[in-house]
Amino acid sequence: MKVSNHLRNFSNAYDVLERTFNNTYNGIAIVNLNGNWLKVNESVCDIFGYTRWELFNMDINNIVYAQDLGVHEEKFENLINGKIDKYRVKQRYFHKDGSIIWMLISVSLVYFKEGKPHMIWQFTDITNRKKSEDKLKTMLSVAKEQNERLTSFADIVTHNLRSHSGNLSALTGFLEEDYANLIENENFQLLKQAIDNLQETVSHLTQVAKIREIEESKMEALNLYDYTEKATYNIITLAQNAEAIIYNHIDDAVYIKGIPAYLDSIILNFLTNAIKYRSEKRKPIIELSSEFRDEFVVLKIKDNGLGIDLEKFGDKLFQMYNTFHCNADAIGIGLFITKNHIESMGGKVEVKSDVDVGTEFTIYFKKP
C-alpha cells in the first residue's frame, strides 16, 4: 500500500513538472552536452518558428548567428568542470522566416537517474529590448556628433566675433585720435557704445562656449568649507556695506569633487546675488550649510532677500539674459554660467523661493 502511494505521488509530481515544462511562457529545452535537442516545450517552437520535428532533426548551431557561435564556450567549460552552477549568455539566432532574434539563455546542469548530465536551457526573447537599446545607442551617437559639431561651431563663431569686435573697437580708437571733434558727435558715441556692448556680449558667449563636461580624472578633492570661507572673505567689503550677516555652518571636513576655478565662481555668484537682491525691509542674512545625499555632497545657500516668483519665472531662472528684479547691474548671465559650471562637474542645482521671504539654492556636488 505504501509503495503504491509513493508511486502515485511520484506520478502526480511528474505530471505537474511536465505541465509546467510544456505550458511555461519562456522556452525551455533539455540539451545534451553535444548541444543536441532532447526535449523542447511549445514556447521554443513558437520562438524559433520550427516544429519539434524540425528542431530535433537539425544541429542547433545551424540557426545560430555566425558571430555568436562561441559565446557559450568559456562558461560551458566552467559549468562542466563544476566551477559554476549556472550561467547566462545573450545569443542571436535565425528565425525560420529569416529574421534575426536575440535570446537571453540561462543554462544549468541536470542529472537524470542514469547519472548522465544534461543541460536545461531557458530561452527569453529579448529582440525588442535589443532593438530599443540599439536605437538608443544610435540616438546617443547622433547626439554626441551633433554636440561636437555645435561645440566646433561655437568655438569658430566666438573666435570670429571676438576678432571682429576687437577690430571695430580699435578702429573707433583710431578715428578718435585722427578726428578729435568726433568725441562730441552723438552718432559716433552711440556707435562706440554699441561696439562696447557687442564686446561684452562676445565676452559672455566666449565664457559659455568654454564650458565643457569635465572628465572625473581632471577634478580634484576640494574642501568645501575652505572655499566658502575664501569666498566670504573676498566679498567682505560688499557684505559690510550691505550690513549682511553670513553664517557658515559647513563642516570643515567636507570635501567635494570639482574644479577650483569653477567652485570659486559658483560660490561667489550665489553669495553676491544674495547681497545684490537683498530686501530693504530687513538686514540680509545668508546661511551656508551642507549635508550628504547618496553619492552627492549638498551645499545649501539660503537668504532672506527679495525672493523670486518661481511660478512666473521658474523655467527661465537659469536662462541667458533673463533678469527678474529692477537692478541696473543685472545682465542675466551669472546664473546661466553657474548652472553650467555645476552640471559640467556632474552636479545639479535646485531652487526654492518665496517672494519677499527669501531664496534657497541647493547645489549637488559629487563626492570625491
# chains A, B, ... in the order shown; residues from 1 in each chain; ligands from 1

call {"tool": "select_by_dssp", "arguments": {"residues": "region 67-280 of chain A", "states": "strand (DSSP E)", "output": "PyMOL selection string"}}
result
chain A and resi 86-94+100-111+117-125+220-223+245-248+255-258

call {"tool": "residues_around", "arguments": {"residues": "Val71 (chain A)", "least_positions_apart": "4", "cutoff": "9 Å", "atoms": "only C-alpha atoms", "output": "number ranges by chain"}}
result
A: 67, 75, 89-91

call {"tool": "closest_residue", "arguments": {"among": "A:Lys283, A:Arg129, A:His118, A:Lys300", "to": "Leu104 (chain A)", "atoms": "only C-alpha atoms"}}
result
A:Arg129

call {"tool": "residues_around", "arguments": {"residues": "Glu216 (chain A)", "least_positions_apart": "2", "cutoff": "12 Å", "atoms": "only C-alpha atoms", "output": "compact mmCIF listing (two decimals) with N, CA and C atoms, in the first residue's frame"}}
result
# COMPACT_ATOMS: atom_id res chain seq x y z
N GLU A 213 31.84 69.42 -20.30
CA GLU A 213 31.76 68.41 -19.25
C GLU A 213 33.17 68.00 -18.87
N ILE A 214 33.45 68.01 -17.58
CA ILE A 214 34.79 67.75 -17.09
C ILE A 214 34.98 66.26 -16.83
N LYS A 218 40.18 64.76 -14.14
CA LYS A 218 40.71 66.13 -14.08
C LYS A 218 40.17 66.92 -12.90
N MET A 219 39.25 66.32 -12.13
CA MET A 219 38.69 67.01 -10.98
C MET A 219 39.47 66.66 -9.71
N GLU A 220 39.44 67.56 -8.75
CA GLU A 220 40.20 67.39 -7.52
C GLU A 220 39.26 67.31 -6.32
N ALA A 221 39.80 66.80 -5.22
CA ALA A 221 39.07 66.83 -3.95
C ALA A 221 39.26 68.21 -3.34
N ILE A 256 34.42 68.00 -1.73
CA ILE A 256 33.66 67.69 -2.95
C ILE A 256 34.65 67.46 -4.09
N LYS A 257 34.15 66.87 -5.17
CA LYS A 257 34.98 66.66 -6.35
C LYS A 257 34.68 67.78 -7.35
N GLY A 258 35.70 68.54 -7.75
CA GLY A 258 35.42 69.65 -8.65
C GLY A 258 36.66 70.31 -9.22
N ILE A 259 36.44 71.43 -9.87
CA ILE A 259 37.50 72.26 -10.46
C ILE A 259 37.61 73.52 -9.60
N SER A 344 28.67 70.71 -15.45
CA SER A 344 29.87 70.20 -16.11
C SER A 344 30.71 69.36 -15.16
N MET A 345 30.52 69.54 -13.84
CA MET A 345 31.24 68.75 -12.84
C MET A 345 30.39 67.57 -12.35
N GLY A 346 29.28 67.29 -13.07
CA GLY A 346 28.46 66.14 -12.73
C GLY A 346 27.43 66.41 -11.65
N GLY A 347 27.17 67.68 -11.35
CA GLY A 347 26.21 68.03 -10.31
C GLY A 347 24.92 68.60 -10.87
N LYS A 366 29.53 66.13 -6.64
CA LYS A 366 29.93 64.73 -6.48
C LYS A 366 30.89 64.57 -5.31
N LYS A 367 30.78 63.43 -4.64
CA LYS A 367 31.73 63.12 -3.58
C LYS A 367 33.07 62.74 -4.19
N PRO A 368 34.18 63.05 -3.52
CA PRO A 368 35.49 62.66 -4.05
C PRO A 368 35.73 61.15 -3.89

call {"tool": "residues_around", "arguments": {"residues": "region 350-353 of chain A", "least_positions_apart": "5", "cutoff": "8 Å", "atoms": "only C-alpha atoms", "output": "PDB file with N, CA, C and O atoms, in the first residue's frame"}}
result
ATOM      1  N   GLY A 307      13.483  87.338  -2.953  1.00  0.00           N
ATOM      2  CA  GLY A 307      12.801  86.138  -3.431  1.00  0.00           C
ATOM      3  C   GLY A 307      12.447  86.233  -4.908  1.00  0.00           C
ATOM      4  O   GLY A 307      12.560  87.302  -5.525  1.00  0.00           O
ATOM      5  N   ILE A 308      12.023  85.110  -5.477  1.00  0.00           N
ATOM      6  CA  ILE A 308      11.695  85.038  -6.901  1.00  0.00           C
ATOM      7  C   ILE A 308      10.345  84.338  -7.063  1.00  0.00           C
ATOM      8  O   ILE A 308      10.078  83.331  -6.395  1.00  0.00           O
ATOM      9  N   ASP A 309       9.523  84.866  -7.927  1.00  0.00           N
ATOM     10  CA  ASP A 309       8.233  84.240  -8.227  1.00  0.00           C
ATOM     11  C   ASP A 309       8.499  83.055  -9.159  1.00  0.00           C
ATOM     12  O   ASP A 309       8.571  83.207 -10.382  1.00  0.00           O
ATOM     13  N   LEU A 310       8.645  81.856  -8.587  1.00  0.00           N
ATOM     14  CA  LEU A 310       9.010  80.685  -9.386  1.00  0.00           C
ATOM     15  C   LEU A 310       7.883  80.229 -10.308  1.00  0.00           C
ATOM     16  O   LEU A 310       8.140  79.631 -11.355  1.00  0.00           O
ATOM     17  N   GLY A 358      12.549  85.063   0.742  1.00  0.00           N
ATOM     18  CA  GLY A 358      13.933  84.673   0.519  1.00  0.00           C
ATOM     19  C   GLY A 358      14.057  83.511  -0.451  1.00  0.00           C
ATOM     20  O   GLY A 358      13.061  82.999  -0.980  1.00  0.00           O
ATOM     21  N   THR A 359      15.297  83.119  -0.678  1.00  0.00           N
ATOM     22  CA  THR A 359      15.608  82.078  -1.661  1.00  0.00           C
ATOM     23  C   THR A 359      16.611  81.096  -1.070  1.00  0.00           C
ATOM     24  O   THR A 359      17.492  81.486  -0.303  1.00  0.00           O
ATOM     25  N   GLU A 360      16.455  79.830  -1.439  1.00  0.00           N
ATOM     26  CA  GLU A 360      17.423  78.808  -1.044  1.00  0.00           C
ATOM     27  C   GLU A 360      17.845  78.017  -2.269  1.00  0.00           C
ATOM     28  O   GLU A 360      17.017  77.399  -2.943  1.00  0.00           O
ATOM     29  N   PHE A 361      19.133  78.077  -2.578  1.00  0.00           N
ATOM     30  CA  PHE A 361      19.700  77.284  -3.659  1.00  0.00           C
ATOM     31  C   PHE A 361      20.315  76.027  -3.062  1.00  0.00           C
ATOM     32  O   PHE A 361      21.029  76.087  -2.056  1.00  0.00           O
ATOM     33  N   THR A 362      20.037  74.888  -3.682  1.00  0.00           N
ATOM     34  CA  THR A 362      20.601  73.611  -3.260  1.00  0.00           C
ATOM     35  C   THR A 362      21.485  73.094  -4.383  1.00  0.00           C
ATOM     36  O   THR A 362      21.004  72.823  -5.491  1.00  0.00           O
ATOM     37  N   ILE A 363      22.778  72.999  -4.109  1.00  0.00           N
ATOM     38  CA  ILE A 363      23.754  72.618  -5.127  1.00  0.00           C
ATOM     39  C   ILE A 363      24.308  71.242  -4.813  1.00  0.00           C
ATOM     40  O   ILE A 363      24.802  70.997  -3.705  1.00  0.00           O
TER      41      ILE A 363
END

call {"tool": "residues_around", "arguments": {"residues": "Ile301 (chain A)", "least_positions_apart": "3", "cutoff": "12 Å", "atoms": "only C-alpha atoms", "output": "PyMOL selection string"}}
result
chain A and resi 228+246-250+266-275+285-291+298+304-305+349-353+358-364

call {"tool": "write_last_selection", "arguments": {"atoms": "N, CA, C and O atoms", "output": "short mmCIF file (atom, residue, chain, number, x, y, z; two decimals), in the first residue's frame"}}
result
data_model
loop_
_atom_site.label_atom_id
_atom_site.label_comp_id
_atom_site.auth_asym_id
_atom_site.auth_seq_id
_atom_site.Cartn_x
_atom_site.Cartn_y
_atom_site.Cartn_z
N THR A 228 34.21 78.19 0.79
CA THR A 228 33.16 79.13 1.21
C THR A 228 33.74 80.23 2.10
O THR A 228 33.32 81.39 2.02
N ILE A 246 26.72 86.70 7.34
CA ILE A 246 26.90 85.42 6.65
C ILE A 246 27.28 84.36 7.69
O ILE A 246 28.27 84.49 8.40
N TYR A 247 26.46 83.31 7.77
CA TYR A 247 26.73 82.20 8.68
C TYR A 247 27.22 80.99 7.87
O TYR A 247 26.53 80.53 6.95
N ASN A 248 28.41 80.51 8.21
CA ASN A 248 28.94 79.35 7.53
C ASN A 248 28.86 78.13 8.46
O ASN A 248 29.67 77.97 9.37
N HIS A 249 27.84 77.28 8.23
CA HIS A 249 27.63 76.11 9.08
C HIS A 249 28.23 74.84 8.47
O HIS A 249 27.95 73.74 8.94
N ILE A 250 29.04 74.99 7.45
CA ILE A 250 29.62 73.82 6.76
C ILE A 250 30.72 73.21 7.62
O ILE A 250 31.58 73.92 8.15
N ILE A 266 31.19 79.57 -8.58
CA ILE A 266 29.84 79.16 -8.16
C ILE A 266 29.47 79.82 -6.83
O ILE A 266 28.40 80.44 -6.69
N ILE A 267 30.34 79.69 -5.83
CA ILE A 267 30.03 80.23 -4.50
C ILE A 267 29.97 81.75 -4.52
O ILE A 267 29.05 82.35 -3.94
N LEU A 268 30.91 82.38 -5.22
CA LEU A 268 30.91 83.85 -5.30
C LEU A 268 29.64 84.37 -5.94
O LEU A 268 29.06 85.36 -5.48
N ASN A 269 29.19 83.71 -7.01
CA ASN A 269 27.99 84.19 -7.71
C ASN A 269 26.76 84.11 -6.81
O ASN A 269 25.96 85.05 -6.75
N PHE A 270 26.59 82.99 -6.09
CA PHE A 270 25.42 82.85 -5.22
C PHE A 270 25.48 83.84 -4.05
O PHE A 270 24.46 84.41 -3.66
N LEU A 271 26.67 84.06 -3.49
CA LEU A 271 26.79 84.99 -2.37
C LEU A 271 26.54 86.43 -2.80
O LEU A 271 25.82 87.18 -2.14
N THR A 272 27.14 86.84 -3.91
CA THR A 272 26.95 88.22 -4.38
C THR A 272 25.49 88.46 -4.80
O THR A 272 24.95 89.55 -4.56
N ASN A 273 24.85 87.45 -5.38
CA ASN A 273 23.43 87.58 -5.73
C ASN A 273 22.57 87.76 -4.48
O ASN A 273 21.62 88.54 -4.46
N ALA A 274 22.91 87.00 -3.43
CA ALA A 274 22.14 87.10 -2.19
C ALA A 274 22.22 88.50 -1.60
O ALA A 274 21.26 89.01 -1.02
N ILE A 275 23.38 89.13 -1.76
CA ILE A 275 23.55 90.51 -1.26
C ILE A 275 22.91 91.51 -2.21
O ILE A 275 22.21 92.45 -1.81
N ILE A 285 20.56 88.25 5.76
CA ILE A 285 21.16 87.12 6.45
C ILE A 285 21.34 85.98 5.43
O ILE A 285 20.39 85.60 4.74
N ILE A 286 22.55 85.49 5.34
CA ILE A 286 22.87 84.41 4.39
C ILE A 286 23.43 83.24 5.19
O ILE A 286 24.35 83.40 6.00
N GLU A 287 22.85 82.07 4.96
CA GLU A 287 23.28 80.87 5.69
C GLU A 287 23.78 79.81 4.71
O GLU A 287 23.12 79.51 3.72
N LEU A 288 24.96 79.27 5.01
CA LEU A 288 25.53 78.19 4.20
C LEU A 288 25.59 76.93 5.05
O LEU A 288 26.06 76.97 6.20
N SER A 289 25.12 75.83 4.50
CA SER A 289 25.15 74.55 5.22
C SER A 289 25.40 73.43 4.22
O SER A 289 25.31 73.62 3.00
N SER A 290 25.71 72.25 4.73
CA SER A 290 25.98 71.10 3.85
C SER A 290 25.43 69.83 4.46
O SER A 290 25.21 69.74 5.68
N GLU A 291 25.20 68.85 3.60
CA GLU A 291 24.76 67.52 4.04
C GLU A 291 25.13 66.52 2.96
O GLU A 291 25.53 66.90 1.84
N VAL A 298 25.80 68.02 -0.67
CA VAL A 298 24.83 69.07 -0.98
C VAL A 298 25.19 70.35 -0.24
O VAL A 298 25.34 70.35 0.98
N ASN A 304 17.42 85.79 3.01
CA ASN A 304 16.11 86.36 3.36
C ASN A 304 15.81 87.59 2.51
O ASN A 304 15.26 88.57 2.97
N GLY A 305 16.19 87.49 1.24
CA GLY A 305 16.08 88.63 0.34
C GLY A 305 14.74 88.79 -0.35
O GLY A 305 13.69 88.38 0.17
N VAL A 349 21.58 71.76 -9.72
CA VAL A 349 21.17 72.82 -8.80
C VAL A 349 19.65 72.89 -8.77
O VAL A 349 18.98 72.73 -9.79
N GLU A 350 19.11 73.09 -7.56
CA GLU A 350 17.68 73.25 -7.37
C GLU A 350 17.44 74.55 -6.61
O GLU A 350 18.35 75.06 -5.95
N VAL A 351 16.23 75.08 -6.71
CA VAL A 351 15.93 76.35 -6.04
C VAL A 351 14.53 76.31 -5.42
O VAL A 351 13.59 75.76 -6.00
N LYS A 352 14.42 76.90 -4.23
CA LYS A 352 13.13 77.16 -3.59
C LYS A 352 13.11 78.64 -3.25
O LYS A 352 14.11 79.18 -2.76
N SER A 353 11.99 79.30 -3.52
CA SER A 353 11.95 80.73 -3.27
C SER A 353 10.53 81.21 -3.04
O SER A 353 9.58 80.69 -3.65
N GLY A 358 12.55 85.06 0.74
CA GLY A 358 13.93 84.67 0.52
C GLY A 358 14.06 83.51 -0.45
O GLY A 358 13.06 83.00 -0.98
N THR A 359 15.30 83.12 -0.68
CA THR A 359 15.61 82.08 -1.66
C THR A 359 16.61 81.10 -1.07
O THR A 359 17.49 81.49 -0.30
N GLU A 360 16.45 79.83 -1.44
CA GLU A 360 17.42 78.81 -1.04
C GLU A 360 17.85 78.02 -2.27
O GLU A 360 17.02 77.40 -2.94
N PHE A 361 19.13 78.08 -2.58
CA PHE A 361 19.70 77.28 -3.66
C PHE A 361 20.31 76.03 -3.06
O PHE A 361 21.03 76.09 -2.06
N THR A 362 20.04 74.89 -3.68
CA THR A 362 20.60 73.61 -3.26
C THR A 362 21.48 73.09 -4.38
O THR A 362 21.00 72.82 -5.49
N ILE A 363 22.78 73.00 -4.11
CA ILE A 363 23.75 72.62 -5.13
C ILE A 363 24.31 71.24 -4.81
O ILE A 363 24.80 71.00 -3.70
N TYR A 364 24.22 70.34 -5.77
CA TYR A 364 24.71 68.97 -5.61
C TYR A 364 26.09 68.83 -6.26
O TYR A 364 26.25 69.10 -7.45
#

call {"tool": "residues_around", "arguments": {"residues": "Ala170 (chain A)", "least_positions_apart": "5", "cutoff": "12 Å", "atoms": "only C-alpha atoms", "output": "list in words"}}
result
Ser163, His164, Ser165, Leu175, Glu176, Glu177, Lys192, Ile195, Asp196 and Gln199 of chain A

call {"tool": "write_last_selection", "arguments": {"atoms": "N, CA, C and O atoms", "output": "PDB file, in the first residue's frame"}}
result
ATOM      1  N   SER A 163      37.328  88.605 -32.784  1.00  0.00           N
ATOM      2  CA  SER A 163      38.260  89.286 -33.682  1.00  0.00           C
ATOM      3  C   SER A 163      37.632  90.525 -34.306  1.00  0.00           C
ATOM      4  O   SER A 163      38.219  91.613 -34.319  1.00  0.00           O
ATOM      5  N   HIS A 164      36.395  90.363 -34.809  1.00  0.00           N
ATOM      6  CA  HIS A 164      35.733  91.481 -35.491  1.00  0.00           C
ATOM      7  C   HIS A 164      35.377  92.604 -34.517  1.00  0.00           C
ATOM      8  O   HIS A 164      35.548  93.794 -34.840  1.00  0.00           O
ATOM      9  N   SER A 165      34.875  92.245 -33.336  1.00  0.00           N
ATOM     10  CA  SER A 165      34.522  93.295 -32.377  1.00  0.00           C
ATOM     11  C   SER A 165      35.765  94.013 -31.894  1.00  0.00           C
ATOM     12  O   SER A 165      35.750  95.232 -31.664  1.00  0.00           O
ATOM     13  N   LEU A 175      39.882 106.526 -35.036  1.00  0.00           N
ATOM     14  CA  LEU A 175      39.095 107.666 -35.500  1.00  0.00           C
ATOM     15  C   LEU A 175      39.098 108.807 -34.480  1.00  0.00           C
ATOM     16  O   LEU A 175      39.163 109.994 -34.844  1.00  0.00           O
ATOM     17  N   GLU A 176      39.025 108.438 -33.194  1.00  0.00           N
ATOM     18  CA  GLU A 176      39.064 109.468 -32.140  1.00  0.00           C
ATOM     19  C   GLU A 176      40.396 110.210 -32.141  1.00  0.00           C
ATOM     20  O   GLU A 176      40.449 111.422 -31.902  1.00  0.00           O
ATOM     21  N   GLU A 177      41.477 109.473 -32.411  1.00  0.00           N
ATOM     22  CA  GLU A 177      42.805 110.111 -32.450  1.00  0.00           C
ATOM     23  C   GLU A 177      42.932 111.045 -33.651  1.00  0.00           C
ATOM     24  O   GLU A 177      43.513 112.130 -33.553  1.00  0.00           O
ATOM     25  N   LYS A 192      30.057 103.872 -30.666  1.00  0.00           N
ATOM     26  CA  LYS A 192      31.066 103.399 -29.726  1.00  0.00           C
ATOM     27  C   LYS A 192      30.424 102.558 -28.618  1.00  0.00           C
ATOM     28  O   LYS A 192      30.947 101.512 -28.227  1.00  0.00           O
ATOM     29  N   ILE A 195      29.465  99.162 -29.943  1.00  0.00           N
ATOM     30  CA  ILE A 195      30.633  98.277 -30.062  1.00  0.00           C
ATOM     31  C   ILE A 195      31.043  97.745 -28.693  1.00  0.00           C
ATOM     32  O   ILE A 195      31.388  96.571 -28.546  1.00  0.00           O
ATOM     33  N   ASP A 196      30.986  98.612 -27.668  1.00  0.00           N
ATOM     34  CA  ASP A 196      31.290  98.159 -26.302  1.00  0.00           C
ATOM     35  C   ASP A 196      30.313  97.070 -25.858  1.00  0.00           C
ATOM     36  O   ASP A 196      30.715  96.064 -25.244  1.00  0.00           O
ATOM     37  N   GLN A 199      31.192  93.832 -27.591  1.00  0.00           N
ATOM     38  CA  GLN A 199      32.346  93.175 -26.982  1.00  0.00           C
ATOM     39  C   GLN A 199      31.960  92.473 -25.675  1.00  0.00           C
ATOM     40  O   GLN A 199      32.439  91.377 -25.381  1.00  0.00           O
TER      41      GLN A 199
END

call {"tool": "residues_around", "arguments": {"residues": "Ser43 (chain A)", "least_positions_apart": "2", "cutoff": "12 Å", "atoms": "only C-alpha atoms", "output": "list of chain:residue names"}}
result
A:Thr20, A:Phe21, A:Asn22, A:Asn23, A:Thr24, A:Tyr25, A:Asn26, A:Gly27, A:Ile28, A:Ala29, A:Lys39, A:Val40, A:Asn41, A:Cys45, A:Asp46, A:Ile47, A:Phe48, A:Gly49, A:Tyr50, A:Thr51, A:Arg52, A:Gln122, A:Phe123, A:Thr124, A:Asp125

call {"tool": "select_by_dssp", "arguments": {"residues": "region 36-275 of chain A", "states": "alpha helix (DSSP H)", "output": "PyMOL selection string"}}
result
chain A and resi 42-48+52-56+73-80+127-178+186-210+224-234+236-241+260-275

call {"tool": "write_last_selection", "arguments": {"atoms": "C-alpha atoms", "output": "tab-separated table (two decimals), in the first residue's frame"}}
result
chain	number	residue	atom	x	y	z
A	42	GLU	CA	5.93	24.56	-27.26
A	43	SER	CA	7.33	28.01	-26.45
A	44	VAL	CA	10.68	27.05	-28.01
A	45	CYS	CA	8.85	26.16	-31.21
A	46	ASP	CA	6.96	29.48	-31.10
A	47	ILE	CA	10.16	31.45	-30.53
A	48	PHE	CA	12.12	29.94	-33.41
A	52	ARG	CA	9.60	19.95	-32.72
A	53	TRP	CA	10.40	17.50	-35.52
A	54	GLU	CA	12.36	20.15	-37.42
A	55	LEU	CA	14.32	21.13	-34.31
A	56	PHE	CA	15.17	17.53	-33.42
A	73	GLU	CA	32.41	28.18	-24.80
A	74	GLU	CA	34.22	29.52	-21.72
A	75	LYS	CA	31.19	29.46	-19.42
A	76	PHE	CA	30.26	25.96	-20.64
A	77	GLU	CA	33.72	24.65	-19.67
A	78	ASN	CA	33.38	26.20	-16.20
A	79	LEU	CA	29.93	24.61	-15.84
A	80	ILE	CA	31.14	21.13	-16.83
A	127	THR	CA	14.74	41.03	-29.52
A	128	ASN	CA	12.58	44.10	-28.85
A	129	ARG	CA	14.76	45.08	-25.88
A	130	LYS	CA	17.93	44.86	-28.02
A	131	LYS	CA	16.29	46.89	-30.78
A	132	SER	CA	15.43	49.58	-28.23
A	133	GLU	CA	18.99	49.51	-26.87
A	134	ASP	CA	20.45	49.77	-30.37
A	135	LYS	CA	18.09	52.62	-31.21
A	136	LEU	CA	19.13	54.44	-28.02
A	137	LYS	CA	22.82	53.90	-28.82
A	138	THR	CA	22.27	55.31	-32.30
A	139	MET	CA	20.44	58.33	-30.89
A	140	LEU	CA	23.23	58.92	-28.35
A	141	SER	CA	25.83	58.64	-31.09
A	142	VAL	CA	23.97	61.16	-33.25
A	143	ALA	CA	23.53	63.49	-30.27
A	144	LYS	CA	27.24	63.24	-29.46
A	145	GLU	CA	28.19	64.00	-33.06
A	146	GLN	CA	25.79	66.95	-33.20
A	147	ASN	CA	27.12	68.23	-29.87
A	148	GLU	CA	30.69	68.07	-31.19
A	149	ARG	CA	29.62	69.99	-34.29
A	150	LEU	CA	27.84	72.62	-32.19
A	151	THR	CA	30.92	72.92	-29.98
A	152	SER	CA	33.13	73.48	-33.01
A	153	PHE	CA	30.61	75.96	-34.39
A	154	ALA	CA	30.53	77.84	-31.07
A	155	ASP	CA	34.34	77.99	-30.97
A	156	ILE	CA	34.53	79.35	-34.52
A	157	VAL	CA	31.74	81.89	-34.02
A	158	THR	CA	33.08	83.24	-30.72
A	159	HIS	CA	36.62	83.46	-32.12
A	160	ASN	CA	35.49	85.34	-35.22
A	161	LEU	CA	33.13	87.63	-33.29
A	162	ARG	CA	35.91	88.41	-30.81
A	163	SER	CA	38.26	89.29	-33.68
A	164	HIS	CA	35.73	91.48	-35.49
A	165	SER	CA	34.52	93.29	-32.38
A	166	GLY	CA	38.14	93.91	-31.38
A	167	ASN	CA	38.84	95.38	-34.81
A	168	LEU	CA	35.81	97.65	-34.58
A	169	SER	CA	36.89	98.88	-31.16
A	170	ALA	CA	40.40	99.56	-32.45
A	171	LEU	CA	39.00	101.48	-35.44
A	172	THR	CA	36.91	103.76	-33.21
A	173	GLY	CA	40.05	104.47	-31.21
A	174	PHE	CA	41.95	105.42	-34.37
A	175	LEU	CA	39.10	107.67	-35.50
A	176	GLU	CA	39.06	109.47	-32.14
A	177	GLU	CA	42.81	110.11	-32.45
A	178	ASP	CA	42.54	111.40	-36.02
A	186	GLU	CA	26.26	111.93	-30.80
A	187	ASN	CA	26.03	109.26	-33.52
A	188	PHE	CA	29.69	108.36	-33.05
A	189	GLN	CA	29.14	107.97	-29.31
A	190	LEU	CA	26.16	105.70	-29.99
A	191	LEU	CA	28.33	103.64	-32.35
A	192	LYS	CA	31.07	103.40	-29.73
A	193	GLN	CA	28.56	102.28	-27.07
A	194	ALA	CA	27.14	99.67	-29.46
A	195	ILE	CA	30.63	98.28	-30.06
A	196	ASP	CA	31.29	98.16	-26.30
A	197	ASN	CA	28.03	96.26	-25.83
A	198	LEU	CA	28.99	93.88	-28.62
A	199	GLN	CA	32.35	93.18	-26.98
A	200	GLU	CA	30.64	92.49	-23.66
A	201	THR	CA	28.21	90.08	-25.31
A	202	VAL	CA	31.06	88.31	-27.11
A	203	SER	CA	32.87	88.01	-23.77
A	204	HIS	CA	29.80	86.31	-22.26
A	205	LEU	CA	29.42	83.98	-25.22
A	206	THR	CA	33.10	83.07	-25.00
A	207	GLN	CA	32.69	82.08	-21.35
A	208	VAL	CA	29.69	79.93	-22.22
A	209	ALA	CA	31.47	78.29	-25.17
A	210	LYS	CA	34.35	77.28	-22.89
A	224	LEU	CA	34.05	72.97	0.70
A	225	TYR	CA	34.46	74.87	3.99
A	226	ASP	CA	37.74	76.45	2.85
A	227	TYR	CA	36.24	77.61	-0.44
A	228	THR	CA	33.16	79.13	1.21
A	229	GLU	CA	35.39	80.89	3.76
A	230	LYS	CA	37.60	82.27	0.99
A	231	ALA	CA	34.57	83.46	-1.00
A	232	THR	CA	33.14	85.15	2.12
A	233	TYR	CA	36.45	86.93	2.69
A	234	ASN	CA	36.56	88.11	-0.93
A	236	ILE	CA	33.66	91.14	2.94
A	237	THR	CA	33.53	94.78	1.85
A	238	LEU	CA	30.36	94.22	-0.17
A	239	ALA	CA	28.80	92.40	2.79
A	240	GLN	CA	29.77	95.11	5.28
A	241	ASN	CA	28.37	97.88	3.09
A	260	PRO	CA	38.92	75.02	-8.21
A	261	ALA	CA	38.09	77.92	-10.55
A	262	TYR	CA	34.54	76.66	-11.06
A	263	LEU	CA	33.88	76.19	-7.35
A	264	ASP	CA	35.19	79.70	-6.64
A	265	SER	CA	32.90	81.15	-9.30
A	266	ILE	CA	29.84	79.16	-8.16
A	267	ILE	CA	30.03	80.23	-4.50
A	268	LEU	CA	30.91	83.85	-5.30
A	269	ASN	CA	27.99	84.19	-7.71
A	270	PHE	CA	25.42	82.85	-5.22
A	271	LEU	CA	26.79	84.99	-2.37
A	272	THR	CA	26.95	88.22	-4.38
A	273	ASN	CA	23.43	87.58	-5.73
A	274	ALA	CA	22.14	87.10	-2.19
A	275	ILE	CA	23.55	90.51	-1.26

call {"tool": "atom_distance", "arguments": {"atom1": "CA of Val31 (chain A)", "atom2": "CA of Met119 (chain A)"}}
result
5.1 Å
